[in-house]
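Undergrad: This is the structure, below, for whatever I ask next.
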Amino acid sequence: MNIDQLDFSSNKSVFDADGQELKLLALGDKLLPCFGEGNFTKVKDIEIRDDDVVLVGYPKTGCHWTWEVLNLMLNQHSDLTALSKLAGFLEVASGEFMARTPGPRVLNSHLWFNSLPRQVAEKKTKLILTVRNPKDTAVSYYNHALSMQWIHGYKGTFNSWLQLYLDGLGDSVGLEYGSYFDYYLDWDQVIKANPRQPVLVVYYENMKKDLPREVRRLAKYLGLSLSDNHIDRIARVAEFDAMKQDFVDRNHISLRHLRKGQVGDWKNWLTVAQSEAIDEEMKKLDGTRFADQIYVL
């Protein structure tokens, strides 16, 4: 995937509470990053192999971390891969590059189920869905937005940006991939409506609490037999701070893009009123598989 070949033009501008512009791509009723319309319309036709695994989740919910863990598991690596997660990122990945990538491939996307390659549903491809507390997600997503100024030009403050996160999608406001709350409501409905589609939900907080346990859980889901030594090795290599330092040493990623990885850092950012506003939005997920888990972890 050659990122220089992407079209970063925008056809939609949204504005935060201070009037700061965020450049996006509007496609139908969706707001998406400025990766070019063609990169999104081609996704449905991407060929899925029988041994592919597809990782999905709202931005900044642990997708990159889980992707590294999965690569260590599936490809028997002893170190973090030299490949970027973008190599298998369905929204931008080069078809030619993906075709010559040996399997098993860990494909990844922030798209909704109905926007994924049609063969995912046809072949009942194994999906892994990442979830994270919406308050920590908000903080991480804001810092991600600042790190991506070269794409959408956003330079606003957290207080002004947060309303975009809460609104998700509107006539003049919103974020790429829409509302966190609508996103997981949609996934809950998809899982209920497609009982034969394998989906494993992975919570960021559980990975922080006990990564070896989560590696075992992933291995069982994927039908992998891993020794205790291998699992412990994966947990050491993929421990968040060690992974971040490895990326920084190799100039593979910016400190802002892979920031802290902490649980509960939102308490240093959100006011009481802002925390309560997110609590109110969380009511959209009442009755879903996510409602109780997100806050109790």
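Residue numbering restarts at 1 in every chain; chains get A, B, ... in the order shown in the structure tokens, and ligands count up from 1 in that same order.
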Write out as a PDB file with N, CA and C atoms, in the first residue's frame each polymer residue whose atoms come within 12 Å of Gly28 (chain A), counting only C-alpha atoms; drop sequence neighbours fewer than 2 positions from it.

TA:
ATOM      1  N   ASN A  11     -14.974  16.105   0.642  1.00  0.00           N
ATOM      2  CA  ASN A  11     -16.210  16.662   0.089  1.00  0.00           C
ATOM      3  C   ASN A  11     -17.180  17.074   1.186  1.00  0.00           C
ATOM      4  N   LYS A  12     -16.678  17.048   2.438  1.00  0.00           N
ATOM      5  CA  LYS A  12     -17.539  17.397   3.564  1.00  0.00           C
ATOM      6  C   LYS A  12     -16.695  18.057   4.652  1.00  0.00           C
ATOM      7  N   LEU A  25     -14.937  12.704   4.343  1.00  0.00           N
ATOM      8  CA  LEU A  25     -15.559  12.220   3.117  1.00  0.00           C
ATOM      9  C   LEU A  25     -16.979  11.782   3.442  1.00  0.00           C
ATOM     10  N   ALA A  26     -17.944  12.339   2.765  1.00  0.00           N
ATOM     11  CA  ALA A  26     -19.339  11.926   2.922  1.00  0.00           C
ATOM     12  C   ALA A  26     -19.674  10.964   1.797  1.00  0.00           C
ATOM     13  N   LYS A  30     -22.950   8.078   5.369  1.00  0.00           N
ATOM     14  CA  LYS A  30     -21.803   7.815   6.233  1.00  0.00           C
ATOM     15  C   LYS A  30     -20.777   8.934   6.128  1.00  0.00           C
ATOM     16  N   LEU A  31     -20.111   9.208   7.246  1.00  0.00           N
ATOM     17  CA  LEU A  31     -18.944  10.079   7.274  1.00  0.00           C
ATOM     18  C   LEU A  31     -17.713   9.206   7.442  1.00  0.00           C
ATOM     19  N   LEU A  32     -16.714   9.431   6.587  1.00  0.00           N
ATOM     20  CA  LEU A  32     -15.545   8.563   6.531  1.00  0.00           C
ATOM     21  C   LEU A  32     -14.275   9.404   6.423  1.00  0.00           C
ATOM     22  N   GLU A  37     -13.102   8.179  -2.411  1.00  0.00           N
ATOM     23  CA  GLU A  37     -14.338   7.402  -2.515  1.00  0.00           C
ATOM     24  C   GLU A  37     -14.092   6.004  -3.058  1.00  0.00           C
ATOM     25  N   PHE A  40     -13.325   3.133  -0.675  1.00  0.00           N
ATOM     26  CA  PHE A  40     -14.428   2.579   0.099  1.00  0.00           C
ATOM     27  C   PHE A  40     -15.373   1.752  -0.774  1.00  0.00           C
ATOM     28  N   THR A  41     -15.619   2.195  -1.997  1.00  0.00           N
ATOM     29  CA  THR A  41     -16.544   1.460  -2.858  1.00  0.00           C
ATOM     30  C   THR A  41     -15.958   0.115  -3.299  1.00  0.00           C
ATOM     31  N   SER A 115     -20.757  -3.007   5.392  1.00  0.00           N
ATOM     32  CA  SER A 115     -19.816  -2.358   4.477  1.00  0.00           C
ATOM     33  C   SER A 115     -18.564  -3.193   4.236  1.00  0.00           C
TER      34      SER A 115
END

Undergrad: Identify all residues of region 33-137 of chain A in strand (DSSP E) (DSSP on the backbone) and supply them as number ranges by chain.

TA: A: 53-57, 106-109, 126-131

Undergrad: State, in Å with one decimal place, the distance from CA of Phe290 (chain A) to CA of Trp269 (chain A).

TA: 23.4 Å

Undergrad: So the first atom is CA of Arg196 (chain A) and the second is CA of Glu122 (chain A); what is the distance between them in Å, to one decimal place?

TA: 10.6 Å
